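Enquirer: This is upload.txt (compact mmCIF, C-alpha atoms).
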```txt
# COMPACT_ATOMS: atom_id res chain seq x y z
CA MET A 1311 5.12 -32.07 30.35
CA ARG A 1312 2.42 -29.64 31.42
CA ALA A 1313 4.61 -28.30 34.22
CA GLU A 1314 7.49 -27.72 31.78
CA TRP A 1315 5.16 -25.85 29.39
CA GLU A 1316 3.83 -23.64 32.19
CA ARG A 1317 7.38 -22.90 33.32
CA LEU A 1318 8.37 -21.92 29.76
CA MET A 1319 5.35 -19.64 29.37
CA ARG A 1320 6.09 -17.99 32.74
CA ARG A 1321 9.66 -17.28 31.66
CA LEU A 1322 8.43 -15.77 28.39
CA ARG A 1323 6.02 -13.50 30.26
CA ASP A 1324 8.78 -12.41 32.65
CA ALA A 1325 11.10 -11.68 29.71
CA ARG A 1326 8.42 -9.59 27.96
CA ALA A 1327 7.75 -7.66 31.16
CA SER A 1328 11.39 -6.61 31.43
CA ALA A 1329 11.91 -5.96 27.71
CA THR A 1330 11.64 -2.63 25.96
CA LEU A 1331 8.88 -2.00 23.42
CA ARG A 1332 11.30 -2.40 20.52
CA GLN A 1333 12.64 -5.69 21.91
CA MET A 1334 9.09 -6.99 22.32
CA ARG A 1335 8.24 -6.17 18.73
CA GLU A 1336 11.41 -7.72 17.35
CA THR A 1337 10.79 -10.86 19.39
CA ASP A 1338 7.20 -11.15 18.17
CA ALA A 1339 8.31 -10.57 14.56
CA LEU A 1340 11.02 -13.24 14.88
CA LEU A 1341 8.54 -15.71 16.39
CA THR A 1342 6.12 -14.99 13.53
CA GLY A 1343 8.90 -15.58 11.02
CA ALA A 1344 9.93 -18.81 12.78
CA ALA A 1345 6.35 -20.11 12.68
CA ALA A 1346 6.13 -19.24 8.97
CA PHE A 1347 9.41 -21.08 8.32
CA VAL A 1348 8.29 -24.26 10.08
CA LEU A 1349 4.87 -24.26 8.45
CA GLY A 1350 6.24 -23.42 4.99
CA PHE A 1351 9.00 -26.02 5.22
CA LEU A 1352 6.63 -28.82 6.25
CA VAL A 1353 3.96 -28.01 3.66
CA ALA A 1354 6.55 -27.61 0.89
CA LEU A 1355 8.28 -30.86 1.85
CA VAL A 1356 4.98 -32.73 1.52
CA ILE A 1357 4.30 -31.11 -1.87
CA PHE A 1358 7.84 -31.71 -3.17
CA TRP A 1359 8.35 -35.24 -1.80
CA HIS A 1360 9.72 -37.75 -4.35
CA ARG A 1361 9.85 -35.12 -7.10
CA THR A 1362 12.58 -33.36 -9.04
CA LEU A 1363 11.60 -29.72 -9.11
CA SER A 1364 12.12 -26.72 -11.34
CA ILE A 1365 12.56 -23.13 -10.20
CA THR A 1366 9.50 -21.85 -12.09
CA GLY A 1367 6.40 -23.47 -13.54
CA PRO A 1368 3.47 -25.44 -12.06
CA TRP A 1369 4.17 -26.78 -8.56
CA SER A 1370 7.70 -25.40 -8.73
CA VAL A 1371 9.72 -23.88 -5.90
CA GLY A 1372 8.97 -20.37 -7.14
CA THR A 1373 5.22 -20.95 -7.48
CA VAL A 1374 4.82 -22.51 -4.04
CA ALA A 1375 6.95 -19.80 -2.44
CA ALA A 1376 5.01 -17.00 -4.17
CA ILE A 1377 1.54 -18.32 -3.31
CA GLY A 1378 2.60 -19.18 0.23
CA GLY A 1379 4.30 -15.80 0.58
CA ALA A 1380 1.10 -13.98 -0.37
CA ALA A 1381 -0.91 -15.90 2.24
CA VAL A 1382 1.78 -15.44 4.90
CA ALA A 1383 2.03 -11.71 4.15
CA VAL A 1384 -1.69 -11.17 4.79
CA LEU A 1385 -1.68 -13.37 7.92
CA SER A 1386 1.48 -11.77 9.32
CA PHE A 1387 0.10 -8.29 8.72
CA SER A 1388 -3.06 -9.29 10.59
CA ALA A 1389 -0.95 -10.77 13.39
CA GLY A 1390 0.98 -7.52 13.62
CA ARG A 1391 -2.23 -5.53 14.06
CA ILE A 1392 -3.38 -7.95 16.75
CA GLY A 1393 0.02 -7.69 18.44
CA LEU A 1394 -0.27 -3.90 18.43
CA ARG A 1395 -3.52 -4.12 20.37
CA MET A 1396 -2.04 -6.65 22.78
CA GLU A 1397 0.83 -4.25 23.49
CA ALA A 1398 -1.61 -1.63 24.69
CA ALA A 1399 -3.31 -4.17 26.96
CA GLU A 1400 -0.11 -5.72 28.36
CA ALA A 1401 2.08 -2.64 28.80
CA PRO A 1402 0.20 0.64 28.31
CA GLU A 1403 3.09 2.56 29.87
CA LYS A 1404 5.38 1.41 27.03
CA GLN A 1405 2.94 2.29 24.27
CA ASP A 1406 4.31 4.64 21.61
CA PRO A 1407 1.72 7.40 20.88
CA THR A 1408 2.75 7.50 17.21
CA THR A 1409 2.06 3.82 16.59
CA ALA A 1410 -0.96 3.86 18.87
CA ASN A 1411 -2.79 6.10 16.40
CA ASP A 1412 -1.15 4.68 13.24
CA GLY A 1413 0.97 7.77 12.66
CA PHE A 1414 -1.91 10.24 12.48
CA ALA A 1415 -1.06 13.73 13.68
CA THR A 1416 -4.42 14.10 15.44
CA PRO A 1417 -4.82 11.93 18.58
CA GLY A 1418 -7.66 9.44 18.60
CA GLN A 1419 -7.62 8.65 14.88
CA ARG A 1420 -6.98 5.13 13.64
CA LEU A 1421 -7.09 3.29 10.33
CA ARG A 1422 -10.47 1.73 9.57
CA TRP A 1423 -11.01 -1.98 8.88
CA TYR A 1424 -11.46 -1.61 5.12
CA GLU A 1425 -8.33 0.53 4.90
CA LEU A 1426 -6.35 -2.11 6.78
CA THR A 1427 -7.84 -4.79 4.52
CA ALA A 1428 -6.62 -2.96 1.42
CA ILE A 1429 -3.16 -2.47 2.92
CA ALA A 1430 -2.99 -6.16 3.89
CA LEU A 1431 -3.97 -7.18 0.35
CA ALA A 1432 -1.31 -4.84 -1.02
CA HIS A 1433 1.31 -6.57 1.17
CA GLY A 1434 0.13 -9.96 -0.12
CA ALA A 1435 0.21 -8.81 -3.74
CA VAL A 1436 3.70 -7.34 -3.38
CA ALA A 1437 4.96 -10.59 -1.79
CA LEU A 1438 3.31 -12.71 -4.51
CA LEU A 1439 4.69 -10.71 -7.43
CA ALA A 1440 8.11 -10.13 -5.87
CA LEU A 1441 8.67 -13.85 -5.22
CA PHE A 1442 7.45 -14.73 -8.70
CA GLY A 1443 9.88 -12.20 -10.14
CA LEU A 1444 12.75 -13.49 -8.01
CA ALA A 1445 12.04 -17.04 -9.15
CA ALA A 1446 12.03 -15.95 -12.79
CA LEU A 1447 15.38 -14.20 -12.26
CA LEU A 1448 16.90 -17.30 -10.66
CA GLU A 1449 15.53 -19.45 -13.47
CA ALA A 1450 17.35 -17.25 -15.98
CA GLY A 1451 20.59 -17.62 -14.00
CA PHE A 1452 20.26 -21.37 -13.33
CA ARG A 1453 18.63 -22.48 -16.56
CA ASP A 1454 17.31 -26.09 -16.46
CA ALA A 1455 18.86 -26.64 -13.00
CA PRO A 1456 17.01 -29.32 -10.96
CA VAL A 1457 15.99 -28.67 -7.35
CA PHE A 1458 15.64 -31.53 -4.87
CA PRO A 1459 12.82 -31.71 -2.31
CA PHE A 1460 14.71 -30.92 0.90
CA PRO A 1461 16.62 -27.82 -0.28
CA GLY A 1462 13.50 -26.71 -2.18
CA ALA A 1463 11.45 -26.89 1.03
CA VAL A 1464 14.18 -24.96 2.89
CA LEU A 1465 14.10 -22.20 0.25
CA VAL A 1466 10.32 -21.94 0.54
CA GLY A 1467 10.55 -21.82 4.33
CA VAL A 1468 13.18 -19.07 4.27
CA SER A 1469 11.13 -17.02 1.78
CA LEU A 1470 8.03 -17.28 3.95
CA ALA A 1471 9.98 -16.48 7.12
CA LEU A 1472 11.43 -13.27 5.65
CA THR A 1473 8.03 -12.26 4.29
CA ALA A 1474 6.36 -12.83 7.66
CA TYR A 1475 9.06 -10.91 9.54
CA VAL A 1476 8.88 -7.86 7.26
CA CYS A 1477 5.07 -7.76 7.07
CA TYR A 1478 4.67 -8.09 10.85
CA LEU A 1479 6.96 -5.13 11.49
CA SER A 1480 5.26 -3.15 8.71
CA ALA A 1481 1.85 -3.71 10.31
CA ILE A 1482 2.87 -2.27 13.68
CA ALA A 1483 4.75 0.71 12.24
CA LEU A 1484 2.29 2.12 9.70
CA SER A 1485 2.81 5.78 8.89
CA PRO A 1486 2.04 8.18 6.04
CA THR A 1487 5.47 7.55 4.53
CA SER A 1488 5.22 3.76 4.71
CA ILE A 1489 1.71 3.78 3.22
CA SER A 1490 2.83 5.97 0.32
CA LEU A 1491 5.79 3.68 -0.37
CA ILE A 1492 3.56 0.58 -0.24
CA LEU A 1493 1.16 2.24 -2.68
CA ALA A 1494 3.98 3.16 -5.07
CA VAL A 1495 5.52 -0.35 -5.00
CA PHE A 1496 2.11 -1.98 -5.35
CA LEU A 1497 1.14 0.14 -8.35
CA VAL A 1498 4.43 -0.47 -10.14
CA ILE A 1499 4.47 -4.23 -9.53
CA GLY A 1500 0.77 -4.62 -10.33
CA ALA A 1501 1.02 -2.66 -13.58
CA LEU A 1502 4.16 -4.50 -14.72
CA THR A 1503 2.57 -7.86 -13.96
CA ALA A 1504 -0.52 -6.95 -15.96
CA MET A 1505 1.66 -5.87 -18.89
CA LEU A 1506 3.66 -9.09 -18.83
CA GLU A 1507 0.53 -11.26 -18.63
CA ALA A 1508 -1.31 -9.44 -21.42
CA THR A 1509 -2.76 -11.80 -24.03
CA ASP A 1510 -2.33 -9.21 -26.75
CA PRO A 1511 1.36 -8.19 -26.97
CA HIS A 1512 0.32 -5.00 -28.78
CA TRP A 1513 -2.19 -3.85 -26.16
CA TRP A 1514 -0.33 -0.53 -25.92
CA ARG A 1515 -1.57 0.45 -29.38
CA ASP A 1516 -5.06 1.00 -27.88
CA ASN A 1517 -4.87 2.41 -24.36
CA LEU A 1518 -3.85 1.50 -20.82
CA SER A 1519 -7.37 0.30 -20.02
CA ALA A 1520 -6.93 -2.48 -22.60
CA LEU A 1521 -5.09 -4.39 -19.86
CA GLY A 1522 -8.36 -4.61 -17.93
CA MET A 1523 -10.50 -6.00 -20.75
CA SER A 1524 -12.21 -9.31 -19.99
CA SER A 1525 -10.67 -10.81 -23.14
CA ASN A 1526 -7.20 -10.14 -21.76
CA ALA A 1527 -5.48 -12.56 -19.35
CA SER A 1528 -4.07 -9.58 -17.46
CA SER A 1529 -7.50 -8.21 -16.49
CA PRO A 1530 -7.68 -9.71 -12.94
CA ALA A 1531 -4.25 -8.33 -11.98
CA PHE A 1532 -4.88 -4.92 -13.57
CA ASN A 1533 -8.39 -4.38 -12.21
CA LEU A 1534 -7.54 -5.64 -8.72
CA THR A 1535 -4.53 -3.32 -8.65
CA LEU A 1536 -6.76 -0.34 -9.43
CA ILE A 1537 -9.42 -1.30 -6.88
CA VAL A 1538 -7.00 -1.88 -3.99
CA SER A 1539 -5.01 1.24 -4.94
CA GLY A 1540 -8.20 3.30 -4.90
CA VAL A 1541 -8.98 2.23 -1.34
CA MET A 1542 -5.39 3.01 -0.35
CA VAL A 1543 -5.69 6.50 -1.84
CA THR A 1544 -8.70 7.16 0.41
CA THR A 1545 -6.49 6.12 3.33
CA ILE A 1546 -3.79 8.50 2.16
CA ALA A 1547 -6.42 11.25 1.92
CA ARG A 1548 -7.08 10.99 5.65
CA TYR A 1549 -3.37 10.78 6.43
CA ALA A 1550 -2.51 13.75 4.23
CA THR A 1551 -5.15 16.09 5.64
CA ALA A 1552 -5.15 15.06 9.31
CA ALA A 1553 -1.94 17.00 10.03
CA LEU A 1554 -2.97 20.21 8.28
CA PRO A 1555 -3.34 23.20 10.63
CA VAL A 1556 -6.77 24.86 10.64
CA PRO A 1557 -6.50 28.04 12.75
CA GLU A 1558 -9.63 29.55 11.20
CA LEU A 1559 -12.97 28.30 9.94
CA ARG A 1560 -12.13 28.87 6.27
CA ASP A 1561 -8.97 26.80 6.71
CA GLU A 1562 -11.09 23.99 8.11
CA ARG A 1563 -13.43 24.24 5.11
CA GLY A 1564 -10.46 24.17 2.73
CA ARG A 1565 -9.04 21.10 4.42
CA THR A 1566 -12.42 19.36 4.13
CA ILE A 1567 -12.60 20.19 0.41
CA VAL A 1568 -9.13 18.76 -0.21
CA ARG A 1569 -9.91 15.63 1.80
CA VAL A 1570 -13.19 15.00 -0.02
CA ALA A 1571 -11.51 15.57 -3.40
CA LEU A 1572 -8.72 13.08 -2.62
CA ILE A 1573 -11.25 10.52 -1.37
CA LEU A 1574 -13.22 11.05 -4.55
CA ILE A 1575 -10.07 10.46 -6.61
CA GLY A 1576 -9.56 7.17 -4.77
CA LEU A 1577 -13.16 6.07 -5.30
CA LEU A 1578 -13.02 6.96 -8.99
CA LEU A 1579 -9.74 5.06 -9.35
CA ALA A 1580 -11.37 1.99 -7.82
CA CYS A 1581 -14.33 2.39 -10.18
CA VAL A 1582 -11.95 2.36 -13.16
CA GLY A 1583 -11.08 -1.21 -12.11
CA VAL A 1584 -14.66 -2.16 -11.25
CA PHE A 1585 -15.97 -1.12 -14.66
CA PRO A 1586 -13.73 -2.53 -17.46
CA VAL A 1587 -13.68 -0.50 -20.64
CA ASP A 1588 -14.95 -3.31 -22.92
CA ARG A 1589 -18.12 -3.90 -20.86
CA PHE A 1590 -18.79 -0.41 -19.45
CA PHE A 1591 -17.28 1.90 -22.04
CA LEU A 1592 -19.18 5.11 -21.18
CA LEU A 1593 -19.05 4.59 -17.40
CA HIS A 1594 -15.36 3.65 -17.50
CA ASN A 1595 -14.41 6.75 -19.46
CA THR A 1596 -16.60 8.95 -17.25
CA VAL A 1597 -14.95 7.88 -13.99
CA ALA A 1598 -11.47 8.07 -15.53
CA THR A 1599 -12.13 11.60 -16.78
CA GLY A 1600 -13.68 12.57 -13.46
CA MET A 1601 -10.53 11.46 -11.65
CA ALA A 1602 -8.39 13.72 -13.84
CA VAL A 1603 -10.80 16.65 -13.35
CA CYS A 1604 -10.76 16.23 -9.55
CA PHE A 1605 -6.98 16.17 -9.56
CA ALA A 1606 -6.75 19.34 -11.66
CA ALA A 1607 -9.31 21.13 -9.46
CA VAL A 1608 -7.41 20.29 -6.26
CA VAL A 1609 -4.04 21.31 -7.69
CA ILE A 1610 -5.30 24.63 -9.12
CA GLY A 1611 -7.27 25.58 -6.00
CA LEU A 1612 -4.67 24.40 -3.48
CA PRO A 1613 -3.29 27.85 -2.51
CA TRP A 1614 -6.85 28.98 -1.68
CA PHE A 1615 -7.90 25.77 0.05
CA LEU A 1616 -4.68 25.43 2.11
CA ARG A 1617 -3.17 28.86 2.65
CA ARG A 1618 -0.08 27.58 4.45
CA ILE A 1619 0.89 24.97 1.89
CA SER A 1620 4.37 25.32 0.42
CA ARG A 1621 4.38 27.63 -2.61
CA VAL A 1622 7.07 25.48 -4.22
CA PHE A 1623 4.71 22.51 -4.00
CA VAL A 1624 1.88 24.59 -5.48
CA VAL A 1625 4.05 25.52 -8.46
CA LEU A 1626 5.03 21.86 -8.87
CA GLY A 1627 1.36 20.89 -9.03
CA TRP A 1628 0.60 23.54 -11.64
CA VAL A 1629 3.52 22.28 -13.72
CA TYR A 1630 2.08 18.76 -13.49
CA VAL A 1631 -1.32 19.96 -14.72
CA LEU A 1632 0.28 21.87 -17.60
CA VAL A 1633 2.29 18.80 -18.60
CA ILE A 1634 -0.87 16.65 -18.60
CA ALA A 1635 -2.67 19.28 -20.69
CA LEU A 1636 0.26 19.35 -23.10
CA LEU A 1637 0.11 15.57 -23.38
CA GLY A 1638 -3.57 15.89 -24.26
CA VAL A 1639 -2.63 18.26 -27.09
CA PHE A 1640 0.01 15.79 -28.31
CA PHE A 1641 -2.62 13.04 -28.34
CA ALA A 1642 -5.14 15.21 -30.18
CA THR A 1643 -2.57 16.00 -32.87
CA GLY A 1644 -1.55 12.36 -33.21
CA TYR A 1645 1.98 12.86 -31.86
CA TYR A 1646 1.40 10.55 -28.84
CA ASN A 1647 -0.95 7.61 -28.55
CA LEU A 1648 -3.40 7.35 -25.65
CA THR A 1649 -1.33 4.78 -23.74
CA ALA A 1650 1.65 7.13 -23.47
CA VAL A 1651 -0.59 9.96 -22.24
CA GLU A 1652 -2.29 7.74 -19.63
CA LEU A 1653 0.98 6.28 -18.34
CA ILE A 1654 2.68 9.66 -17.90
CA ALA A 1655 -0.44 11.22 -16.38
CA ALA A 1656 -0.77 8.33 -13.90
CA VAL A 1657 2.87 8.69 -12.83
CA LEU A 1658 2.45 12.44 -12.33
CA ILE A 1659 -0.80 12.14 -10.37
CA PHE A 1660 0.44 9.47 -7.98
CA SER A 1661 3.83 11.11 -7.48
CA TRP A 1662 1.96 14.33 -6.62
CA ILE A 1663 -0.17 12.51 -4.06
CA ILE A 1664 2.91 10.96 -2.42
CA VAL A 1665 4.77 14.29 -2.29
CA PHE A 1666 1.63 16.02 -0.98
CA LEU A 1667 1.48 13.51 1.85
CA ARG A 1668 4.99 14.44 2.98
CA THR A 1669 4.47 18.19 2.41
CA ALA A 1670 1.25 18.22 4.44
CA GLY A 1671 2.96 16.41 7.32
CA ALA A 1672 5.89 18.84 7.30
CA ASP A 1673 3.46 21.76 7.26
CA HIS A 1674 1.94 20.81 10.60
CA GLY A 1675 2.87 22.82 13.64
CA PRO A 1676 3.20 26.60 14.04
CA TRP A 1677 -0.39 27.75 13.73
CA ASP A 1678 -1.86 24.95 15.81
CA ALA A 1679 0.81 25.48 18.44
CA ALA A 1680 -0.03 29.17 18.52
CA ARG A 1681 -3.74 28.50 19.00
CA PRO A 1682 -4.06 25.33 21.10
CA GLU A 1683 -7.71 25.96 21.99
CA ARG A 1684 -8.71 26.16 18.33
CA ALA A 1685 -6.63 23.09 17.44
CA GLU A 1686 -8.23 21.04 20.22
CA SER A 1687 -11.77 22.03 19.20
CA VAL A 1688 -11.09 21.18 15.55
CA ALA A 1689 -9.53 17.83 16.52
CA ARG A 1690 -12.67 16.98 18.53
CA ARG A 1691 -14.83 17.66 15.48
```
So that I can check it, write out the structure of this file as structure tokens.
Expert:
Amino acid sequence: MRAEWERLMRRLRDARASATLRQMRETDALLTGAAAFVLGFLVALVIFWHRTLSITGPWSVGTVAAIGGAAVAVLSFSAGRIGLRMEAAEAPEKQDPTTANDGFATPGQRLRWYELTAIALAHGAVALLALFGLAALLEAGFRDAPVFPFPGAVLVGVSLALTAYVCYLSAIALSPTSISLILAVFLVIGALTAMLEATDPHWWRDNLSALGMSSNASSPAFNLTLIVSGVMVTTIARYATAALPVPELRDERGRTIVRVALILIGLLLACVGVFPVDRFFLLHNTVATGMAVCFAAVVIGLPWFLRRISRVFVVLGWVYVLVIALLGVFFATGYYNLTAVELIAAVLIFSWIIVFLRTAGADHGPWDAARPERAESVARR
């Protein structure tokens, strides 16, 4: 038995040695998905044994799949990061420079542990909420349909396998675009979940922060969404500014100002979730207002901070600020309530951040290429 196992492992090593980098990654992702399927199937079969199941509800197929999917998403993401490091050790000649530095434009930069933790939690939250939503949709289509243990365990296994496969590949191919998409999906799903779980169906009559009150059942989902999103925004701040060309000292200072402002926006966003409005009214409103002020300051000063930024993007940012100011006037005159103002402002701010990420990446190139010595010295700093 031992000889057969050693022979199998030797064949796997030989196959990996002759495979391309993409083939290696696909193989590892498939093996991760297969392991998740086997584990999910066996655990679900034990849970479901001798029971007639429902699609949603306590100990249902949907609940087990969603909770298991969240755990598998975090574990598969972690496995993907470990696999990325093993690639560099096993086959450094095959290593892709883009994935080696997590998509940063400047060589030598990598995502930090707390940034990766936030991204992993976002993957888990997206898997949890997406599988819950899928189960609710199936329940509406197959109302009162019973599910037997074996097919229920197969469904759970397949759900976990797909989750593991996608999250593994996501972990080894992180980039500014993928991070921005994860943030957008996470914010939307987290906010919708908090709204659906709200104890008070008329929470919107007060303000958006009412979802985070301790008296509201939606507070854990809402506050955790804000905290994790805040950490992800700090990650995006590094991504967005790392590619910006800094041919002169004042350009470097401008880039630093923009980076610090975006990091501050992320920290303030996290603080909005840390300090619920019903327990920390003054502090909550202070950090929320500070986030809006930082955003307005960055948008207005962008053409002076980043001289090469697209003028179309600058105009877009000014339009966003004017719209938010107009919403404030509507609220002051009683035309809009505070919830409508906060929702629209949040959509505008986060869409601006995502577009800025792509604009900053596209802006990288000509000046640094023209002055390689300056670019190298700035990158070292």
Enquirer: Would you mind telling me which residue in A:Leu1502, A:Leu1497, A:Val1466, A:Cys1604 lies nearest to Leu1521 in chain A when using only C-alpha atoms?
Expert: A:Leu1502
Enquirer: Hey, can you check how far CA of Val1468 in chain A sits from CA of Phe1347 in chain A?
Expert: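 Interatomic distance, CA of Val1468 in chain A to CA of Phe1347 in chain A: 5.9 Å.
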Enquirer: Find the distance between CA of Trp1614 in chain A and CA of Ala1494 in chain A and write it in Å to one decimal.
Expert: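 Between these atoms lies a distance of 28.2 Å.
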Enquirer: Just the residues within 10 Å of range 1567-1576 of chain A, please, counting all atoms listed in the file, with nothing from its chain fewer than 4 positions along; format it as an MDAnalysis selection string.
Expert: chainID A and resid 1536:1552 1561:1563 1580:1582 1597:1598 1600:1605 1607:1609 1611:1612 1615:1616 1663
Enquirer: Please produce a file of those selected residues containing C-alpha atoms, as a PDB file, in the frame of the given file.
Expert:
```
ATOM      1  CA  LEU A1536      -6.760  -0.340  -9.430  1.00  0.00           C
ATOM      2  CA  ILE A1537      -9.420  -1.300  -6.880  1.00  0.00           C
ATOM      3  CA  VAL A1538      -7.000  -1.880  -3.990  1.00  0.00           C
ATOM      4  CA  SER A1539      -5.010   1.240  -4.940  1.00  0.00           C
ATOM      5  CA  GLY A1540      -8.200   3.300  -4.900  1.00  0.00           C
ATOM      6  CA  VAL A1541      -8.980   2.230  -1.340  1.00  0.00           C
ATOM      7  CA  MET A1542      -5.390   3.010  -0.350  1.00  0.00           C
ATOM      8  CA  VAL A1543      -5.690   6.500  -1.840  1.00  0.00           C
ATOM      9  CA  THR A1544      -8.700   7.160   0.410  1.00  0.00           C
ATOM     10  CA  THR A1545      -6.490   6.120   3.330  1.00  0.00           C
ATOM     11  CA  ILE A1546      -3.790   8.500   2.160  1.00  0.00           C
ATOM     12  CA  ALA A1547      -6.420  11.250   1.920  1.00  0.00           C
ATOM     13  CA  ARG A1548      -7.080  10.990   5.650  1.00  0.00           C
ATOM     14  CA  TYR A1549      -3.370  10.780   6.430  1.00  0.00           C
ATOM     15  CA  ALA A1550      -2.510  13.750   4.230  1.00  0.00           C
ATOM     16  CA  THR A1551      -5.150  16.090   5.640  1.00  0.00           C
ATOM     17  CA  ALA A1552      -5.150  15.060   9.310  1.00  0.00           C
ATOM     18  CA  ASP A1561      -8.970  26.800   6.710  1.00  0.00           C
ATOM     19  CA  GLU A1562     -11.090  23.990   8.110  1.00  0.00           C
ATOM     20  CA  ARG A1563     -13.430  24.240   5.110  1.00  0.00           C
ATOM     21  CA  ALA A1580     -11.370   1.990  -7.820  1.00  0.00           C
ATOM     22  CA  CYS A1581     -14.330   2.390 -10.180  1.00  0.00           C
ATOM     23  CA  VAL A1582     -11.950   2.360 -13.160  1.00  0.00           C
ATOM     24  CA  VAL A1597     -14.950   7.880 -13.990  1.00  0.00           C
ATOM     25  CA  ALA A1598     -11.470   8.070 -15.530  1.00  0.00           C
ATOM     26  CA  GLY A1600     -13.680  12.570 -13.460  1.00  0.00           C
ATOM     27  CA  MET A1601     -10.530  11.460 -11.650  1.00  0.00           C
ATOM     28  CA  ALA A1602      -8.390  13.720 -13.840  1.00  0.00           C
ATOM     29  CA  VAL A1603     -10.800  16.650 -13.350  1.00  0.00           C
ATOM     30  CA  CYS A1604     -10.760  16.230  -9.550  1.00  0.00           C
ATOM     31  CA  PHE A1605      -6.980  16.170  -9.560  1.00  0.00           C
ATOM     32  CA  ALA A1607      -9.310  21.130  -9.460  1.00  0.00           C
ATOM     33  CA  VAL A1608      -7.410  20.290  -6.260  1.00  0.00           C
ATOM     34  CA  VAL A1609      -4.040  21.310  -7.690  1.00  0.00           C
ATOM     35  CA  GLY A1611      -7.270  25.580  -6.000  1.00  0.00           C
ATOM     36  CA  LEU A1612      -4.670  24.400  -3.480  1.00  0.00           C
ATOM     37  CA  PHE A1615      -7.900  25.770   0.050  1.00  0.00           C
ATOM     38  CA  LEU A1616      -4.680  25.430   2.110  1.00  0.00           C
ATOM     39  CA  ILE A1663      -0.170  12.510  -4.060  1.00  0.00           C
TER      40      ILE A1663
END
```
Enquirer: List the residues sitting within 9 Å of (10.9, -16.2, 3.0) in the file's frame, using only C-alpha atoms, as a list in words.
Expert: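 Every residue inside that radius is included here: Gly1343, Ala1346, Phe1347, Gly1350, Ala1375, Gly1379, Leu1441, Leu1465, Val1466, Gly1467, Val1468, Ser1469, Leu1470, Ala1471, Leu1472, Thr1473, Ala1474 and Tyr1475 of chain A.
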Enquirer: Go ahead and save the picked residues with C-alpha atoms, as a PDB file, keeping the file's coordinate frame.
Expert:
```pdb
ATOM      1  CA  GLY A1343       8.900 -15.580  11.020  1.00  0.00           C
ATOM      2  CA  ALA A1346       6.130 -19.240   8.970  1.00  0.00           C
ATOM      3  CA  PHE A1347       9.410 -21.080   8.320  1.00  0.00           C
ATOM      4  CA  GLY A1350       6.240 -23.420   4.990  1.00  0.00           C
ATOM      5  CA  ALA A1375       6.950 -19.800  -2.440  1.00  0.00           C
ATOM      6  CA  GLY A1379       4.300 -15.800   0.580  1.00  0.00           C
ATOM      7  CA  LEU A1441       8.670 -13.850  -5.220  1.00  0.00           C
ATOM      8  CA  LEU A1465      14.100 -22.200   0.250  1.00  0.00           C
ATOM      9  CA  VAL A1466      10.320 -21.940   0.540  1.00  0.00           C
ATOM     10  CA  GLY A1467      10.550 -21.820   4.330  1.00  0.00           C
ATOM     11  CA  VAL A1468      13.180 -19.070   4.270  1.00  0.00           C
ATOM     12  CA  SER A1469      11.130 -17.020   1.780  1.00  0.00           C
ATOM     13  CA  LEU A1470       8.030 -17.280   3.950  1.00  0.00           C
ATOM     14  CA  ALA A1471       9.980 -16.480   7.120  1.00  0.00           C
ATOM     15  CA  LEU A1472      11.430 -13.270   5.650  1.00  0.00           C
ATOM     16  CA  THR A1473       8.030 -12.260   4.290  1.00  0.00           C
ATOM     17  CA  ALA A1474       6.360 -12.830   7.660  1.00  0.00           C
ATOM     18  CA  TYR A1475       9.060 -10.910   9.540  1.00  0.00           C
TER      19      TYR A1475
END
```
Enquirer: Distance CA of Trp1514 in chain A-CA of Gly1583 in chain A, one decimal place?
Expert: 17.5 Å
Enquirer: Contacts of Gly1462 in chain A at 8 Å or less, counting all atoms listed in the file, minus same-chain residues fewer than 3 places along, as an mmCIF file with C-alpha atoms, in the coordinates of the input?
Expert:
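The resulting around_39.cif:
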```cif
data_model
loop_
_atom_site.group_PDB
_atom_site.id
_atom_site.type_symbol
_atom_site.label_atom_id
_atom_site.label_comp_id
_atom_site.auth_asym_id
_atom_site.auth_seq_id
_atom_site.Cartn_x
_atom_site.Cartn_y
_atom_site.Cartn_z
ATOM 1 C CA ALA A 1354 6.550 -27.610 0.890
ATOM 2 C CA LEU A 1355 8.280 -30.860 1.850
ATOM 3 C CA PHE A 1358 7.840 -31.710 -3.170
ATOM 4 C CA LEU A 1363 11.600 -29.720 -9.110
ATOM 5 C CA VAL A 1371 9.720 -23.880 -5.900
ATOM 6 C CA VAL A 1457 15.990 -28.670 -7.350
ATOM 7 C CA PHE A 1458 15.640 -31.530 -4.870
ATOM 8 C CA PRO A 1459 12.820 -31.710 -2.310
ATOM 9 C CA LEU A 1465 14.100 -22.200 0.250
ATOM 10 C CA VAL A 1466 10.320 -21.940 0.540
#
```
Enquirer: Within 10 Å of Ile1482 in chain A, counting only C-alpha atoms, which residues qualify if same-chain residues fewer than 4 places away don't, as a PyMOL selection string?
Expert: chain A and resi 1335+1339+1387-1395+1409-1410+1412+1477-1478
